[in-house]
Structures are given as C-alpha cells and as structure tokens.
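For reference, work-v9.cif (mmCIF, C-alpha atoms):
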```
data_upload
loop_
_atom_site.label_atom_id
_atom_site.label_comp_id
_atom_site.auth_asym_id
_atom_site.auth_seq_id
_atom_site.Cartn_x
_atom_site.Cartn_y
_atom_site.Cartn_z
CA MET W 1 0.00 0.00 0.00
CA PRO W 2 1.24 3.54 -0.67
CA GLY W 3 2.83 5.14 2.36
CA TYR W 4 0.71 8.28 2.38
CA LEU W 5 -2.32 6.24 3.43
CA TYR W 6 -0.39 5.07 6.49
CA ILE W 7 0.53 8.67 7.28
CA LEU W 8 -3.15 9.65 6.99
CA VAL W 9 -4.11 6.87 9.43
CA SER W 10 -1.34 8.06 11.76
CA LEU W 11 -2.61 11.65 11.56
CA ALA W 12 -6.18 10.56 12.28
CA LEU W 13 -5.04 8.47 15.25
CA PHE W 14 -3.00 11.37 16.62
CA PHE W 15 -6.01 13.66 16.21
CA ILE W 16 -8.25 11.23 18.11
CA GLY W 17 -5.63 11.06 20.87
CA THR W 18 -5.34 14.86 21.02
CA THR W 19 -9.13 15.19 21.25
CA GLY W 20 -9.12 12.73 24.15
CA VAL W 21 -6.38 14.64 25.98
CA LEU W 22 -8.25 17.93 25.50
CA LEU W 23 -11.79 16.80 26.27
CA ARG W 24 -11.61 14.06 28.90
CA ARG W 25 -11.36 15.09 32.53
CA ASN W 26 -10.50 11.68 34.03
CA ALA W 27 -6.69 11.40 34.35
CA LEU W 28 -6.76 7.70 33.38
CA PHE W 29 -8.43 8.47 30.06
CA VAL W 30 -5.95 11.26 29.41
CA LEU W 31 -3.08 8.77 29.88
CA MET W 32 -4.79 6.29 27.53
CA SER W 33 -5.15 9.04 24.90
CA LEU W 34 -1.44 9.83 25.34
CA GLU W 35 -0.64 6.18 24.56
CA LEU W 36 -2.71 6.49 21.37
CA GLN W 37 -0.69 9.55 20.37
CA LEU W 38 2.59 7.68 20.95
CA GLY W 39 1.29 4.79 18.83
CA ALA W 40 0.48 7.23 16.02
CA GLY W 41 4.04 8.58 16.24
CA SER W 42 5.50 5.07 15.94
CA LEU W 43 3.32 4.34 12.93
CA ALA W 44 4.60 7.46 11.15
CA LEU W 45 8.21 6.54 12.03
CA LEU W 46 7.83 3.02 10.64
CA THR W 47 6.12 4.31 7.49
CA PHE W 48 8.94 6.72 6.74
CA ALA W 49 11.50 4.05 7.60
CA ARG W 50 9.88 1.80 5.00
CA GLY W 51 9.71 4.61 2.46
CA LEU W 52 13.38 5.47 2.93
CA GLY W 53 14.44 1.82 3.13
CA ASP W 54 16.32 2.60 6.35
CA GLN W 55 15.92 0.58 9.53
CA LYS W 56 17.00 3.36 11.90
CA GLY W 57 13.33 4.32 12.16
CA HIS W 58 12.66 0.91 13.67
CA VAL W 59 15.28 1.53 16.33
CA VAL W 60 13.76 4.91 17.17
CA ALA W 61 10.29 3.33 17.34
CA PHE W 62 11.77 0.76 19.73
CA PHE W 63 13.07 3.58 21.97
CA LEU W 64 9.67 5.26 21.73
CA MET W 65 8.10 2.06 23.03
CA ALA W 66 10.46 1.99 26.04
CA LEU W 67 9.66 5.67 26.61
CA ALA W 68 5.93 4.92 26.52
CA ALA W 69 6.40 2.20 29.13
CA ALA W 70 8.34 4.59 31.39
CA GLU W 71 5.72 7.29 30.87
CA ALA W 72 2.89 4.90 31.75
CA ALA W 73 4.67 3.71 34.91
CA VAL W 74 5.44 7.20 36.24
CA GLY W 75 2.17 8.73 35.00
CA LEU W 76 0.02 6.07 36.66
CA ALA W 77 2.06 6.36 39.88
CA VAL W 78 1.40 10.11 39.88
CA VAL W 79 -2.32 9.50 39.28
CA VAL W 80 -2.46 6.98 42.14
CA SER W 81 -0.65 9.45 44.39
CA VAL W 82 -3.07 12.24 43.44
CA TYR W 83 -5.99 9.90 44.09
CA ARG W 84 -4.64 9.14 47.57
CA THR W 85 -4.41 12.78 48.55
CA ASN W 86 -7.49 14.19 46.76
CA LYS W 87 -9.81 11.14 46.56
CA THR W 88 -10.47 12.12 42.95
CA ILE W 89 -8.68 11.91 39.62
CA ASP W 90 -10.91 14.49 37.99
CA LEU W 91 -8.38 16.85 36.43
CA ASP W 92 -10.67 19.85 37.02
CA GLY W 93 -10.66 19.04 40.73
CA VAL W 94 -6.88 18.91 41.04
CA ASN W 95 -6.06 22.58 41.51
CA GLU W 96 -4.35 23.04 44.86
CA LEU W 97 -1.44 24.85 43.22
CA ARG W 98 -3.82 27.52 41.95
CA ASN W 99 -4.70 29.35 45.16
CA MET Y 100 15.30 5.32 -6.65
CA ASN Y 101 12.81 3.24 -8.58
CA LEU Y 102 9.59 5.17 -8.96
CA MET Y 103 7.72 2.27 -10.54
CA LEU Y 104 5.21 0.97 -8.04
CA HIS Y 105 3.83 -2.50 -7.86
CA ALA Y 106 0.08 -2.32 -7.64
CA PRO Y 107 -0.98 -3.57 -4.20
CA SER Y 108 -2.76 -6.89 -4.33
CA GLN Y 109 -6.41 -7.21 -3.42
CA LEU Y 110 -5.60 -9.02 -0.16
CA GLU Y 111 -3.14 -6.30 0.82
CA LYS Y 112 -5.83 -3.65 0.25
CA VAL Y 113 -8.42 -5.54 2.29
CA ALA Y 114 -5.95 -6.14 5.14
CA PHE Y 115 -4.91 -2.48 5.23
CA MET Y 116 -8.50 -1.23 5.18
CA ALA Y 117 -9.59 -3.63 7.93
CA LEU Y 118 -6.61 -2.81 10.16
CA ALA Y 119 -6.90 0.95 9.62
CA ALA Y 120 -10.63 0.84 10.37
CA GLY Y 121 -9.88 -1.28 13.46
CA VAL Y 122 -7.26 1.14 14.77
CA LEU Y 123 -9.40 4.23 14.27
CA GLY Y 124 -12.64 2.62 15.46
CA PHE Y 125 -11.09 1.20 18.63
CA ALA Y 126 -9.33 4.52 19.29
CA LEU Y 127 -12.65 6.37 19.01
CA VAL Y 128 -14.25 3.88 21.41
CA THR Y 129 -11.34 4.37 23.84
CA VAL Y 130 -11.73 8.13 23.86
CA THR Y 131 -15.53 8.18 24.13
CA ARG Y 132 -16.23 5.29 26.52
CA LYS Y 133 -17.60 6.09 29.94
CA SER Y 134 -16.32 3.06 31.85
CA ALA Y 135 -12.56 2.71 32.28
CA VAL Y 136 -12.57 -1.07 31.76
CA GLY Y 137 -14.41 -0.80 28.44
CA ALA Y 138 -12.00 1.88 27.27
CA LEU Y 139 -9.03 -0.31 28.26
CA MET Y 140 -10.36 -3.27 26.28
CA ALA Y 141 -10.84 -1.02 23.25
CA LEU Y 142 -7.27 0.26 23.76
CA VAL Y 143 -5.98 -3.35 23.62
CA GLY Y 144 -7.91 -3.81 20.35
CA ALA Y 145 -6.46 -0.58 18.94
CA PHE Y 146 -2.91 -1.65 19.81
CA CYS Y 147 -3.36 -5.13 18.31
CA ALA Y 148 -4.67 -3.59 15.07
CA LEU Y 149 -1.74 -1.14 15.15
CA ALA Y 150 0.64 -4.11 15.46
CA GLY Y 151 -1.05 -5.55 12.35
CA LEU Y 152 -0.37 -2.28 10.50
CA TYR Y 153 3.30 -2.50 11.58
CA ALA Y 154 3.43 -6.03 10.16
CA THR Y 155 2.06 -4.84 6.81
CA LEU Y 156 4.94 -2.33 6.78
CA SER Y 157 7.21 -5.41 7.20
CA ALA Y 158 8.29 -4.24 10.66
CA HIS Y 159 7.87 -7.71 12.15
CA PHE Y 160 10.08 -7.15 15.19
CA LEU Y 161 8.22 -3.97 16.17
CA ALA Y 162 4.84 -5.64 15.58
CA VAL Y 163 5.65 -8.40 18.07
CA LEU Y 164 7.11 -5.88 20.53
CA GLN Y 165 4.00 -3.73 20.23
CA ILE Y 166 1.80 -6.60 21.37
CA LEU Y 167 4.23 -7.66 24.11
CA VAL Y 168 4.84 -4.19 25.54
CA TYR Y 169 1.53 -2.36 24.97
CA ALA Y 170 -1.10 -5.09 25.06
CA GLY Y 171 0.92 -6.92 27.72
CA ALA Y 172 2.94 -4.77 30.10
CA ILE Y 173 1.32 -1.34 29.82
CA MET Y 174 -2.20 -2.80 29.91
CA VAL Y 175 -1.41 -4.61 33.18
CA LEU Y 176 -0.29 -1.29 34.68
CA PHE Y 177 -3.51 0.37 33.55
CA ILE Y 178 -5.66 -2.46 34.87
CA PHE Y 179 -3.98 -2.15 38.27
CA ALA Y 180 -4.63 1.60 38.25
CA VAL Y 181 -8.30 1.00 37.33
CA MET Y 182 -8.55 -1.55 40.16
CA ILE Y 183 -7.26 1.02 42.66
CA MET Y 184 -9.60 3.82 41.56
CA ASN Y 185 -12.56 2.23 39.87
CA ARG Y 186 -14.77 5.23 39.44
CA ASP Y 187 -16.73 6.03 36.32
CA GLU Y 188 -17.05 9.64 35.41
CA ASP Y 189 -20.40 11.30 35.99
CA ASN Y 190 -20.24 13.15 32.72
CA PRO Y 191 -17.29 12.23 30.50
CA ILE Y 192 -17.10 15.51 28.63
CA ALA Y 193 -16.48 18.48 30.85
CA LEU Y 194 -19.04 21.28 30.54
CA ARG Y 195 -16.92 23.77 32.45
CA GLY Y 196 -14.71 25.63 30.02
CA LEU Y 197 -16.38 23.83 27.14
CA PHE Y 198 -15.97 26.82 24.85
CA LEU Y 199 -12.20 26.90 25.41
CA ARG Y 200 -11.90 23.14 24.89
CA ALA Y 201 -14.07 23.23 21.77
CA THR Y 202 -11.87 25.99 20.40
CA GLY Y 203 -8.83 23.83 21.08
CA VAL Y 204 -10.36 20.83 19.32
CA ILE Y 205 -11.39 22.91 16.31
CA ALA Y 206 -7.89 24.43 16.11
CA THR Y 207 -6.19 21.00 16.28
CA GLY Y 208 -8.70 19.69 13.74
CA TYR Y 209 -7.71 22.47 11.37
CA VAL Y 210 -3.98 21.79 11.88
CA PHE Y 211 -4.49 18.09 11.14
CA TYR Y 212 -6.66 18.91 8.13
CA ARG Y 213 -3.84 21.04 6.72
CA ALA Y 214 -1.28 18.30 7.49
CA ALA Y 215 -3.44 15.69 5.75
CA TRP Y 216 -3.83 18.03 2.79
CA ILE Y 217 -0.03 18.38 2.49
CA VAL Y 218 0.43 14.59 2.73
CA VAL Y 219 -2.14 13.99 0.00
CA ARG Y 220 -0.55 16.67 -2.20
CA GLU Y 221 2.93 15.14 -1.81
CA ARG Y 222 1.77 11.55 -2.24
CA GLN Y 223 3.78 10.99 -5.43
CA THR Y 224 7.15 11.55 -3.76
CA ASP Y 225 9.50 8.61 -3.23
CA VAL Y 226 9.18 8.48 0.53
CA LEU Y 227 5.39 8.52 0.64
CA SER Y 228 4.81 5.89 -2.04
CA THR Y 229 6.09 2.68 -0.47
CA ALA Y 230 7.30 0.21 -3.07
CA SER Y 231 6.30 -3.40 -2.69
CA THR Y 232 9.85 -4.70 -3.02
CA LEU Y 233 11.84 -4.80 0.20
CA PRO Y 234 15.00 -2.65 0.36
CA ILE Y 235 16.96 -5.58 1.82
CA PRO Y 236 15.79 -9.19 2.18
CA ASP Y 237 15.78 -9.30 5.99
CA TYR Y 238 14.24 -5.86 6.44
CA GLY Y 239 12.61 -5.40 9.86
CA THR Y 240 13.56 -8.79 11.29
CA VAL Y 241 14.95 -9.25 14.79
CA ALA Y 242 18.41 -10.00 13.44
CA SER Y 243 18.78 -6.94 11.26
CA VAL Y 244 17.13 -4.43 13.64
CA GLY Y 245 19.11 -5.92 16.54
CA ARG Y 246 22.37 -5.51 14.65
CA ILE Y 247 21.74 -1.76 14.25
CA LEU Y 248 20.51 -1.52 17.84
CA PHE Y 249 23.74 -3.00 19.23
CA THR Y 250 26.19 -1.24 16.91
CA ASP Y 251 25.11 2.29 15.96
CA PHE Y 252 22.66 2.76 18.82
CA LEU Y 253 24.45 0.98 21.65
CA PHE Y 254 24.80 4.08 23.82
CA PRO Y 255 21.15 5.21 23.48
CA PHE Y 256 20.12 1.62 24.20
CA GLU Y 257 22.02 1.59 27.48
CA ALA Y 258 20.75 5.09 28.29
CA ILE Y 259 17.14 3.99 27.76
CA SER Y 260 17.66 1.01 30.06
CA LEU Y 261 18.85 3.47 32.72
CA LEU Y 262 15.74 5.60 32.04
CA LEU Y 263 13.50 2.56 32.53
CA LEU Y 264 15.24 1.78 35.83
CA ALA Y 265 14.73 5.38 36.96
CA ALA Y 266 11.05 5.19 35.92
CA VAL Y 267 10.52 1.99 37.91
CA VAL Y 268 12.15 3.46 41.03
CA GLY Y 269 10.24 6.72 40.58
CA GLY Y 270 6.96 4.85 40.15
CA VAL Y 271 7.50 2.87 43.33
CA LEU Y 272 8.50 6.01 45.25
CA LEU Y 273 5.51 8.03 44.00
CA SER Y 274 2.84 5.42 44.58
CA ARG Y 275 4.10 4.42 48.04
CA PRO Y 276 1.68 5.53 50.73
CA SER Y 277 3.20 8.36 52.75
CA ARG Y 278 3.86 7.60 56.38
CA PRO Y 279 3.92 10.59 58.69
CA SER Y 280 6.70 9.02 60.78
CA ASP Y 281 9.47 9.17 58.16
CA GLY Y 282 8.43 12.44 56.57
CA GLY Y 283 6.59 10.66 53.78
CA GLY Y 284 7.93 9.30 50.52
CA ALA Y 285 5.06 10.58 48.42
CA ILE Y 286 4.55 14.23 47.66
#
```
Output the file's structure as structure tokens, nothing else.
Amino acid sequence: MPGYLYILVSLALFFIGTTGVLLRRNALFVLMSLELQLGAGSLALLTFARGLGDQKGHVVAFFLMALAAAEAAVGLAVVVSVYRTNKTIDLDGVNELRN
Amino acid sequence: MNLMLHAPSQLEKVAFMALAAGVLGFALVTVTRKSAVGALMALVGAFCALAGLYATLSAHFLAVLQILVYAGAIMVLFIFAVMIMNRDEDNPIALRGLFLRATGVIATGYVFYRAAWIVVRERQTDVLSTASTLPIPDYGTVASVGRILFTDFLFPFEAISLLLLAAVVGGVLLSRPSRPSDGGGAI
C-alpha cells in the first residue's frame, strides 16, 4: 500500500488522541489518549523508515516504546498518588497549586 | 530510486482497510467510553490492530514488541490503576470551560486537516509511495534491527535502560503511601 495512506491513518489516530487529551477530565483516560498519540508517532516513524528503506526508524520506534512504558509507569504512579491525597482523579478538581 | 510501483494486491488492500478501520474505530471507542474497563479493552484492540499495521509495513520485530509491551505490560499497569480507583465519570465531557476546549479541538482539527492536505498533495514523492519490493531481504527482522541496535545505537540503548530503571524506582516512590513518621515518601 502507498505510504501516504499510512501517514493519513497516523494523523487521524494522533487527532483522536489529542481530542481525548483535551476533552476528557479523568486522568486515566488522558493517559490512555497519550498512549494512542505515541502509537500514532511510531506508525509514522515506521512508514517513513519503509519509504526510505532505512531501519533506523525501527530503532527509534523501539526507543519510543520503552519511553511509553516509562511514561505509563510514572504517570500512573502520579495518578495513584493524586488519588490518595485528593480522593479524585478528575483533572478539574486537582487545583491546589492555583490558590 | 525506482519510482515504478507494484500495484498492491487485493488481499493487501483488504488487510490495510480492515486494520486501519480497526485502529481508528477502537481509538474512538477508547476516547468516548464512559467506563474505564471498556476503554481499556478497546485500547488493547487498537494496539493489536496497530501491530497488524506495523506487520504490513514489514516491521515484524516492532509488531511483536507492540503486542508484548503495549497489550501486555502497559495494559497490566492500567488495569492495576483502574482496580485502585474504579470510578466512572459522571459526565465524561467536561461542561466547564467547554468553549475553550471546543476551540482547542477545532484548532487542532484544522492543523491536522492542513497536514493531511499536504500529505495527499505530496503523495507521489519517493518516501510517501512505499514500493512493494523490500529494500533488503531481511528488512525489519529481529536479526537486522538488533544488529543496528547494538552497533550504531548501543549508547542510546544503554541510556534507555537506565531511564527505565529510573522510571521503575520513581513509580514505586511516587505510589508508596506516605507515612507521617518518616516524613513521607510521596509528595
């Protein structure tokens, strides 16, 4: 299949992820949408790697995967910590730094 | 570079369409679902379909890793988090500041529309029109990606292992319940 179709899928996936990050107020859903965005980034990397015939894109996608795992671990730990102190993970309710 | 493209076979077209529809459909379900468990299951589906798309790009190693890491490891983390705070949202879309958020979504939608327009306009270029022939015979296999990983990218590889270790320690430290006696590990 031509590569531009893959890039279009990647763009659409990134847009869905961005919409989730912007619109959802539950921190868990925001983290899930972030994972979708990272997946869209990997897809674009692999598509361009295939188009250029260069496997360095695969290596970078591999690092991106490790980064996503680290992000999920720390992000979920932060969410759990926030839940312990605030009894909510509603992002609109987490505003003790504001006043 | 050879600009002649092999026409994609019928099976290839059907597989791509099904996988792309699966990725986008499951992603939409993930973002719109009210219950966290339902959204997680849809996220697993989206990642499995994404792994299928990687495989059609002949990135076999990354396709397997995608299922192992995302649908395996990261999903377990999420399920544990859902188990700790199993609370469905009252109303998934926030009404407060809806105007601002809607403006943000419309702005990002416009940016992505322009990006898609550029991609479609430049679709005849070499990079964006993937040829059916593989650049090298063992493209995307464990052996050939691993060779690059352990020669050219050895230092970043070791650095990322250090980052993962730091993330694990940080995760444990952050999610540990704070005890007032020792000043508390959590913030």
For chain W, list the residues within 8 Å of chain Y, counting all atoms listed in the file, and write the list as an MDAnalysis selection string.
chainID W and resid 1:4 7:9 11:13 15:20 22:26 28:29 32:33 36 39 43 46:48 50:53 55:56 58:59 61:63 65:67 69:74 76:78 80:81 83:84
Atom-to-atom span, CA of Ala44 in chain W and CA of Val175 in chain Y, Å:
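Going from CA of Ala44 in chain W over to CA of Val175 in chain Y covers 25.8 Å.
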For a test of reading the model, state the distance in Å between CA of Phe249 in chain Y and CA of Val60 in chain W, rounded to one decimal.
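Straight-line distance from CA of Phe249 in chain Y to CA of Val60 in chain W works out to 12.9 Å.
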Please measure the separation of CA of Ala40 in chain W and CA of Gly93 in chain W, giving the value in Å to one decimal.
29.6 Å
Top pick for closest residue to Gly41 in chain W, considering W:Leu64, W:Val21, W:Asn95, W:Asp54 and counting only C-alpha atoms:
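With only C-alpha atoms as the atom set, the closest residue is W:Leu64.
Minimum distance to Met140 in chain Y across Y:Thr202, Y:Ile178, Y:Ala154, Y:Arg213 (counting only C-alpha atoms) occurs at Y:Ile178.
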Which one of W:Ala68, W:Val79, W:Val94, W:Leu5 sits closest to Gln37 in chain W if you count only C-alpha atoms?
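The answer is W:Ala68, which sits nearest to Gln37 in chain W.
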